[in-house]
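> One file: data_23.txt (compact mmCIF, C-alpha atoms and all ligand atoms).
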```txt
# COMPACT_ATOMS: atom_id res chain seq x y z
CA MET W 222 15.56 15.03 80.91
CA LYS W 223 12.30 13.40 81.96
CA LYS W 224 11.48 14.20 85.55
CA VAL W 225 9.58 11.57 87.46
CA VAL W 226 7.52 12.77 90.42
CA PRO W 227 7.62 10.12 93.16
CA GLU W 228 4.35 8.65 94.39
CA LEU W 229 4.89 8.31 98.14
CA HIS W 230 6.57 11.26 99.88
CA PHE W 231 7.73 11.26 103.49
CA LEU W 232 7.99 14.75 105.01
CA THR W 233 10.33 15.04 107.96
CA HIS W 234 8.89 16.53 111.15
CA PRO W 235 10.75 19.57 112.48
CA ALA W 236 9.76 18.85 116.10
CA HIS W 237 10.24 15.17 116.79
CA THR W 238 12.39 13.21 119.18
CA LEU W 239 14.15 11.70 116.17
CA SER W 240 16.30 14.09 114.14
CA HIS W 241 15.37 14.73 110.50
CA SER W 242 18.09 12.37 109.29
CA GLU W 243 17.12 9.67 111.81
CA GLN W 244 13.52 9.89 110.60
CA ALA W 245 14.71 9.62 107.00
CA ALA W 246 16.94 6.64 107.79
CA ARG W 247 14.05 4.76 109.38
CA VAL W 248 11.54 5.22 106.56
CA LEU W 249 14.16 4.55 103.87
CA ALA W 250 14.98 1.30 105.64
CA GLY W 251 11.27 0.47 105.37
CA GLY W 252 11.41 0.97 101.60
CA LEU W 253 10.15 4.52 100.99
CA THR W 254 11.86 6.24 98.07
CA CYS W 255 11.19 9.96 98.54
CA ILE W 256 12.20 12.20 101.43
CA GLN W 257 11.20 15.84 101.76
CA PHE W 258 13.44 17.65 104.23
CA ARG W 259 11.14 20.08 106.09
CA TRP W 260 13.72 22.20 107.83
CA LYS W 261 12.01 25.16 109.46
CA GLY W 262 15.08 26.89 110.90
CA ASN W 263 17.59 28.96 109.03
CA PRO W 264 19.08 27.12 106.07
CA GLU W 265 22.70 27.32 107.27
CA GLU W 266 21.77 25.43 110.43
CA GLY W 267 20.04 22.76 108.34
CA ARG W 268 23.05 22.10 106.14
CA GLU W 269 24.58 19.21 108.12
CA GLU W 270 21.28 17.38 108.55
CA GLY W 271 20.57 18.01 104.90
CA LYS W 272 23.91 16.47 103.91
CA ARG W 273 23.16 13.37 105.96
CA ILE W 274 19.79 12.92 104.27
CA ARG W 275 21.34 13.62 100.86
CA GLU W 276 23.84 10.82 101.49
CA LEU W 277 21.14 8.40 102.70
CA CYS W 278 19.06 9.11 99.61
CA TYR W 279 22.05 8.39 97.39
CA GLN W 280 22.62 5.10 99.22
CA TYR W 281 19.00 4.02 98.81
CA GLY W 282 18.54 5.48 95.34
CA ALA W 283 15.76 7.66 96.75
CA CYS W 284 14.54 11.09 95.68
CA PHE W 285 15.61 13.99 97.91
CA ILE W 286 13.44 17.10 98.02
CA VAL W 287 14.23 20.19 100.09
CA ASN W 288 11.35 22.25 101.47
CA ASP W 289 11.37 26.07 101.42
CA HIS W 290 15.06 26.78 100.70
CA PRO W 291 16.21 26.98 97.04
CA GLY W 292 19.79 27.78 98.04
CA LEU W 293 20.01 24.71 100.24
CA ALA W 294 18.44 22.57 97.50
CA LEU W 295 21.13 23.76 95.10
CA GLU W 296 23.97 23.37 97.55
CA LEU W 297 22.92 19.84 98.53
CA ASP W 298 22.24 18.89 94.91
CA ALA W 299 18.70 17.89 95.84
CA ASP W 300 16.51 16.28 93.21
CA GLY W 301 13.83 18.83 93.91
CA LEU W 302 12.42 21.75 95.88
CA HIS W 303 9.01 22.07 97.49
CA LEU W 304 7.55 25.54 97.95
CA GLY W 305 4.61 26.90 99.92
CA GLN W 306 2.32 29.74 98.91
CA THR W 307 4.34 32.26 100.89
CA ASP W 308 7.77 31.06 99.76
CA MET W 309 9.73 32.22 96.73
CA HIS W 310 7.72 32.20 93.48
CA PRO W 311 8.32 28.99 91.49
CA ALA W 312 9.46 31.01 88.44
CA LYS W 313 12.26 32.55 90.50
CA ALA W 314 13.17 29.16 91.98
CA ARG W 315 13.25 27.71 88.48
CA GLU W 316 15.77 30.39 87.46
CA ILE W 317 17.97 29.38 90.37
CA LEU W 318 17.64 25.61 90.01
CA GLY W 319 17.46 25.22 86.24
CA PRO W 320 15.18 22.98 84.19
CA ASP W 321 16.15 19.55 85.56
CA LYS W 322 15.12 19.83 89.21
CA ILE W 323 11.64 18.87 90.34
CA ILE W 324 9.69 21.83 91.74
CA GLY W 325 6.52 21.27 93.75
CA LEU W 326 4.07 23.80 95.15
CA SER W 327 1.56 23.45 98.00
CA THR W 328 -2.01 24.35 97.03
CA HIS W 329 -5.27 24.34 98.96
CA THR W 330 -7.91 26.02 96.78
CA LYS W 331 -9.12 26.25 93.19
CA ASN W 332 -7.55 29.68 92.83
CA GLU W 333 -4.16 28.49 94.04
CA ILE W 334 -4.30 25.56 91.62
CA MET W 335 -5.11 27.87 88.69
CA ASN W 336 -2.13 30.05 89.57
CA ALA W 337 0.10 27.00 89.94
CA LEU W 338 -0.80 25.84 86.43
CA ASN W 339 0.73 29.04 85.06
CA ALA W 340 3.94 28.47 87.01
CA PRO W 341 6.88 26.19 86.15
CA VAL W 342 5.97 23.45 88.64
CA ASP W 343 6.25 19.68 88.14
CA TYR W 344 3.64 18.74 90.72
CA ILE W 345 1.31 20.30 93.23
CA GLY W 346 0.71 19.24 96.81
CA LEU W 347 -3.02 19.46 97.60
CA GLY W 348 -4.62 19.45 101.01
CA PRO W 349 -5.30 19.21 103.80
CA VAL W 350 -7.43 16.26 102.76
CA PHE W 351 -8.26 15.37 106.39
CA PRO W 352 -7.63 17.06 109.76
CA THR W 353 -3.98 16.96 110.73
CA ARG W 354 -2.04 17.82 113.86
CA THR W 355 1.26 18.16 112.02
CA LYS W 356 0.70 21.63 110.58
CA GLU W 357 -1.77 24.45 111.19
CA THR W 358 -2.62 25.11 107.55
CA GLY W 359 -5.36 27.71 108.03
CA TYR W 360 -7.38 26.06 105.25
CA PRO W 361 -10.51 23.89 105.56
CA VAL W 362 -10.15 20.17 104.94
CA LEU W 363 -11.05 19.09 101.40
CA GLY W 364 -12.30 15.59 102.09
CA ARG W 365 -12.30 12.98 99.39
CA GLU W 366 -14.80 14.81 97.16
CA GLY W 367 -12.94 18.12 97.35
CA LEU W 368 -9.70 16.37 96.52
CA GLN W 369 -11.21 14.69 93.50
CA SER W 370 -12.88 17.79 92.05
CA LEU W 371 -9.78 19.97 92.50
CA THR W 372 -7.49 17.25 91.15
CA ALA W 373 -9.58 17.16 87.98
CA MET W 374 -8.55 20.79 87.32
CA ALA W 375 -4.84 20.13 87.53
CA SER W 376 -2.77 19.33 84.48
CA VAL W 377 0.26 18.46 86.60
CA PRO W 378 0.52 15.48 88.98
CA VAL W 379 -1.24 15.95 92.33
CA ILE W 380 0.19 14.73 95.62
CA ALA W 381 -2.50 14.58 98.32
CA ILE W 382 -1.50 15.59 101.84
CA GLY W 383 -2.86 16.00 105.34
CA GLY W 384 -4.20 13.46 107.80
CA ILE W 385 -3.82 10.50 105.47
CA ASN W 386 -3.55 7.15 107.22
CA LEU W 387 -3.85 3.48 106.33
CA GLU W 388 -7.61 3.54 107.04
CA ASN W 389 -8.58 6.49 104.85
CA LEU W 390 -5.98 5.93 102.12
CA PRO W 391 -7.92 3.32 100.10
CA GLY W 392 -10.79 5.81 99.73
CA LEU W 393 -8.46 8.27 97.99
CA LEU W 394 -7.45 5.94 95.22
CA ASN W 395 -9.25 6.54 91.97
CA SER W 396 -9.47 10.27 92.78
CA GLY W 397 -7.01 11.15 90.05
CA ILE W 398 -4.05 11.77 92.32
CA ARG W 399 -0.55 10.70 91.41
CA GLY W 400 0.46 10.01 94.98
CA LEU W 401 0.43 10.93 98.64
CA ALA W 402 2.54 12.70 101.23
CA PHE W 403 2.75 11.82 104.92
CA THR W 404 4.40 12.59 108.19
CA SER W 405 2.42 11.18 111.09
CA LEU W 406 1.43 7.92 109.42
CA LEU W 407 5.10 6.98 109.65
CA LEU W 408 6.22 8.79 112.78
CA ASP W 409 3.27 7.99 115.05
CA ARG W 410 4.20 4.33 114.96
CA GLU W 411 6.85 2.74 117.14
CA SER W 412 8.40 1.32 114.00
CA PRO W 413 8.52 3.78 111.08
CA GLU W 414 10.16 0.97 109.08
CA GLU W 415 7.12 -1.28 109.50
CA ALA W 416 4.75 1.60 108.81
CA ALA W 417 6.63 2.38 105.58
CA ALA W 418 6.57 -1.24 104.46
CA GLU W 419 2.82 -1.52 105.17
CA LEU W 420 2.14 1.71 103.33
CA ILE W 421 4.06 0.58 100.25
CA GLN W 422 2.32 -2.77 100.30
CA MET W 423 -1.09 -1.13 100.51
CA TRP W 424 -0.31 1.36 97.76
CA LYS W 425 0.98 -1.33 95.41
CA THR W 426 -1.91 -3.70 96.10
CA ASN W 427 -4.49 -1.00 95.49
CA LYS W 428 -2.80 0.22 92.36
CA ILE W 429 -2.76 -3.28 90.96
CA ALA W 430 -6.45 -3.66 91.84
CA GLU W 431 -7.29 -0.32 90.17
CA HIS W 432 -5.36 -1.29 87.08
CA ALA W 433 -7.16 -4.64 86.86
CA LYS W 434 -10.55 -2.84 86.82
CA ARG W 435 -9.65 -0.84 83.69
N1 LIG E 1 0.77 20.39 105.21
C1 LIG E 1 -0.42 19.91 105.54
S1 LIG E 1 -0.30 18.49 106.45
C2 LIG E 1 1.39 18.50 106.37
C3 LIG E 1 1.78 19.61 105.66
C4 LIG E 1 3.17 19.99 105.38
C5 LIG E 1 2.29 17.49 106.99
C6 LIG E 1 1.82 16.08 106.89
O1 LIG E 1 0.65 15.85 107.62
P1 LIG E 1 0.29 14.46 108.29
O2 LIG E 1 -1.16 14.60 108.66
O3 LIG E 1 1.19 14.29 109.47
O4 LIG E 1 0.54 13.38 107.27
MG MG E 2 7.21 26.54 102.88
```
Kindly present the structure from the file in structure tokens form.
Ligand code: TZP
Ligand code: MG

Amino acid sequence: MKKVVPELHFLTHPAHTLSHSEQAARVLAGGLTCIQFRWKGNPEEGREEGKRIRELCYQYGACFIVNDHPGLALELDADGLHLGQTDMHPAKAREILGPDKIIGLSTHTKNEIMNALNAPVDYIGLGPVFPTRTKETGYPVLGREGLQSLTAMASVPVIAIGGINLENLPGLLNSGIRGLAFTSLLLDRESPEEAAAELIQMWKTNKIAEHAKR
């Protein structure tokens, strides 16, 4: 089965006034088609919220990715799993989830990318591209140039992450990335629906412009 890695990923925020499923509902209503459930508590406690998001993603025909927890991904029949450098090794997760699920891995350096290319991953997250308040990554920001040079080394799709907003996004196009991942761009606005719609519009417009230049 051909696995398609979505282009625009929304990552739920574990500490927000809206619950994970409320956040998902708002950005799905705005047209986004990929939700990553970033549950940072124990997986049993995340099950009910996970089920709600699973259901919403079915309704909208959106991709549902679970962060950190392979067991929860399996139980909720997620489309994919996203792992960090300190989570379970992707090879082990692949054994649990089988060949058809999308597996993504967060990377931040050349070395991590090289290791990822030897692992059974379908995409890598790469960042932080810009300063972000959402997560203390412990890694320096890559900037546009760092993103481009590291992306050139990757033979799997790259999803750029960290501090990306509507102002700096156009500068990241043409850097070789497949897509982008966001939290605050959508949650910092009063209307996540509007933010999602604007983001999609900008992404599509720029992609069409890039294509026209070829
Ligand atoms: N890792 C680096 S930034 C981030 C993760 C999981 C969350 C998204 O960041 P932002 O800046 O809110 O889009
Ligand atoms: Mg993790």
> Would you kindly return, as a PyMOL selection string, each protein, DNA or RNA residue with an atom no farther than 7 Å from any atom of range 257-260 of chain W, considering only C-alpha atoms and excluding same-chain residues fewer than 2 positions away?
chain W and resi 230-235+255+262+267+285-288
> Please identify all protein, DNA and RNA residues within 9 Å of ligand LIG 1 (chain E), counting all atoms listed in the file, and report them as a PyMOL selection string.
chain W and resi 231-234+259+305+327+346-358+382-386+401-409
> Find the residues near ligand MG 2 (chain E). Use a cut-off of 6 Å, count all atoms listed in the file, and write them as number ranges by chain.
W: 289, 304-305, 308
> Quick check, in Å to one decimal: how far apart do CA of Ala418 in chain W and CA of Gly251 in chain W lie?
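Pair CA of Ala418 in chain W / CA of Gly251 in chain W returns 5.1 Å.
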> Nearest to Pro378 in chain W among W:Glu411, W:Glu333, W:Glu228, W:Asp298, with distances taken over all atoms listed in the file: which residue is it?
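Residue with the minimum atom-to-atom distance to Pro378 in chain W: W:Glu228.
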> Could you tell me how far CA of Thr254 in chain W lies from CA of Glu276 in chain W, in Å and to one decimal?
13.3 Å
> Mind listing whatever residues come within 9 Å of the point (7.6, 30.3, 92.1)? Use all atoms listed in the file, file coordinates, and give them as a list in words.
Leu304, Gln306, Asp308, Met309, His310, Pro311, Ala312, Lys313, Ala314, Arg315, Ile324, Leu326, Ala337, Ala340, Pro341 and Val342 of chain W
> Can you put N, CA and C atoms back into range 282-313 of chain W and show it as a compact mmCIF listing (two decimals), keeping the file's coordinate frame?

```txt
# COMPACT_ATOMS: atom_id res chain seq x y z
N GLY W 282 19.08 5.14 96.67
CA GLY W 282 18.54 5.48 95.34
C GLY W 282 17.21 6.20 95.45
N ALA W 283 17.04 6.98 96.52
CA ALA W 283 15.76 7.66 96.75
C ALA W 283 15.83 9.12 96.30
N CYS W 284 14.66 9.69 96.10
CA CYS W 284 14.54 11.09 95.68
C CYS W 284 14.64 12.00 96.91
N PHE W 285 15.40 13.06 96.79
CA PHE W 285 15.61 13.99 97.91
C PHE W 285 15.08 15.37 97.53
N ILE W 286 14.06 15.81 98.28
CA ILE W 286 13.44 17.10 98.02
C ILE W 286 13.63 18.00 99.23
N VAL W 287 14.05 19.23 99.00
CA VAL W 287 14.23 20.19 100.09
C VAL W 287 13.03 21.12 100.11
N ASN W 288 12.49 21.34 101.30
CA ASN W 288 11.35 22.25 101.47
C ASN W 288 11.85 23.67 101.71
N ASP W 289 11.20 24.63 101.12
CA ASP W 289 11.37 26.07 101.42
C ASP W 289 12.62 26.75 100.87
N HIS W 290 13.78 26.08 100.88
CA HIS W 290 15.06 26.78 100.70
C HIS W 290 15.75 26.43 99.37
N PRO W 291 15.59 27.26 98.34
CA PRO W 291 16.21 26.98 97.04
C PRO W 291 17.74 26.90 97.12
N GLY W 292 18.33 27.78 97.93
CA GLY W 292 19.79 27.78 98.04
C GLY W 292 20.31 26.47 98.61
N LEU W 293 19.61 25.98 99.62
CA LEU W 293 20.01 24.71 100.24
C LEU W 293 19.80 23.56 99.26
N ALA W 294 18.71 23.62 98.51
CA ALA W 294 18.44 22.57 97.50
C ALA W 294 19.59 22.51 96.49
N LEU W 295 20.04 23.69 96.09
CA LEU W 295 21.13 23.76 95.10
C LEU W 295 22.43 23.25 95.71
N GLU W 296 22.72 23.73 96.88
CA GLU W 296 23.97 23.37 97.55
C GLU W 296 24.06 21.86 97.81
N LEU W 297 22.93 21.27 98.18
CA LEU W 297 22.92 19.84 98.53
C LEU W 297 22.67 18.96 97.30
N ASP W 298 22.57 19.59 96.15
CA ASP W 298 22.24 18.89 94.91
C ASP W 298 21.00 17.99 95.10
N ALA W 299 19.98 18.61 95.67
CA ALA W 299 18.70 17.89 95.84
C ALA W 299 18.11 17.58 94.48
N ASP W 300 17.22 16.59 94.46
CA ASP W 300 16.51 16.28 93.21
C ASP W 300 15.37 17.26 92.99
N GLY W 301 14.94 17.91 94.07
CA GLY W 301 13.83 18.83 93.91
C GLY W 301 13.69 19.79 95.07
N LEU W 302 12.74 20.71 94.89
CA LEU W 302 12.42 21.75 95.88
C LEU W 302 10.92 21.80 96.03
N HIS W 303 10.45 21.91 97.27
CA HIS W 303 9.01 22.07 97.49
C HIS W 303 8.75 23.44 98.11
N LEU W 304 7.84 24.18 97.50
CA LEU W 304 7.55 25.54 97.95
C LEU W 304 6.13 25.66 98.48
N GLY W 305 5.95 26.56 99.44
CA GLY W 305 4.61 26.90 99.92
C GLY W 305 4.14 28.17 99.25
N GLN W 306 2.90 28.55 99.54
CA GLN W 306 2.32 29.74 98.91
C GLN W 306 3.05 31.02 99.30
N THR W 307 3.67 31.03 100.46
CA THR W 307 4.34 32.26 100.89
C THR W 307 5.85 32.20 100.68
N ASP W 308 6.33 31.15 100.05
CA ASP W 308 7.77 31.06 99.76
C ASP W 308 8.08 31.76 98.44
N MET W 309 9.32 31.65 98.01
CA MET W 309 9.73 32.22 96.73
C MET W 309 8.82 31.75 95.60
N HIS W 310 8.56 32.62 94.61
CA HIS W 310 7.72 32.20 93.48
C HIS W 310 8.44 31.09 92.70
N PRO W 311 7.69 30.08 92.23
CA PRO W 311 8.32 28.99 91.49
C PRO W 311 9.14 29.46 90.27
N ALA W 312 8.71 30.53 89.62
CA ALA W 312 9.46 31.01 88.44
C ALA W 312 10.86 31.46 88.85
N LYS W 313 10.95 32.10 89.99
CA LYS W 313 12.26 32.55 90.50
C LYS W 313 13.10 31.34 90.90
```
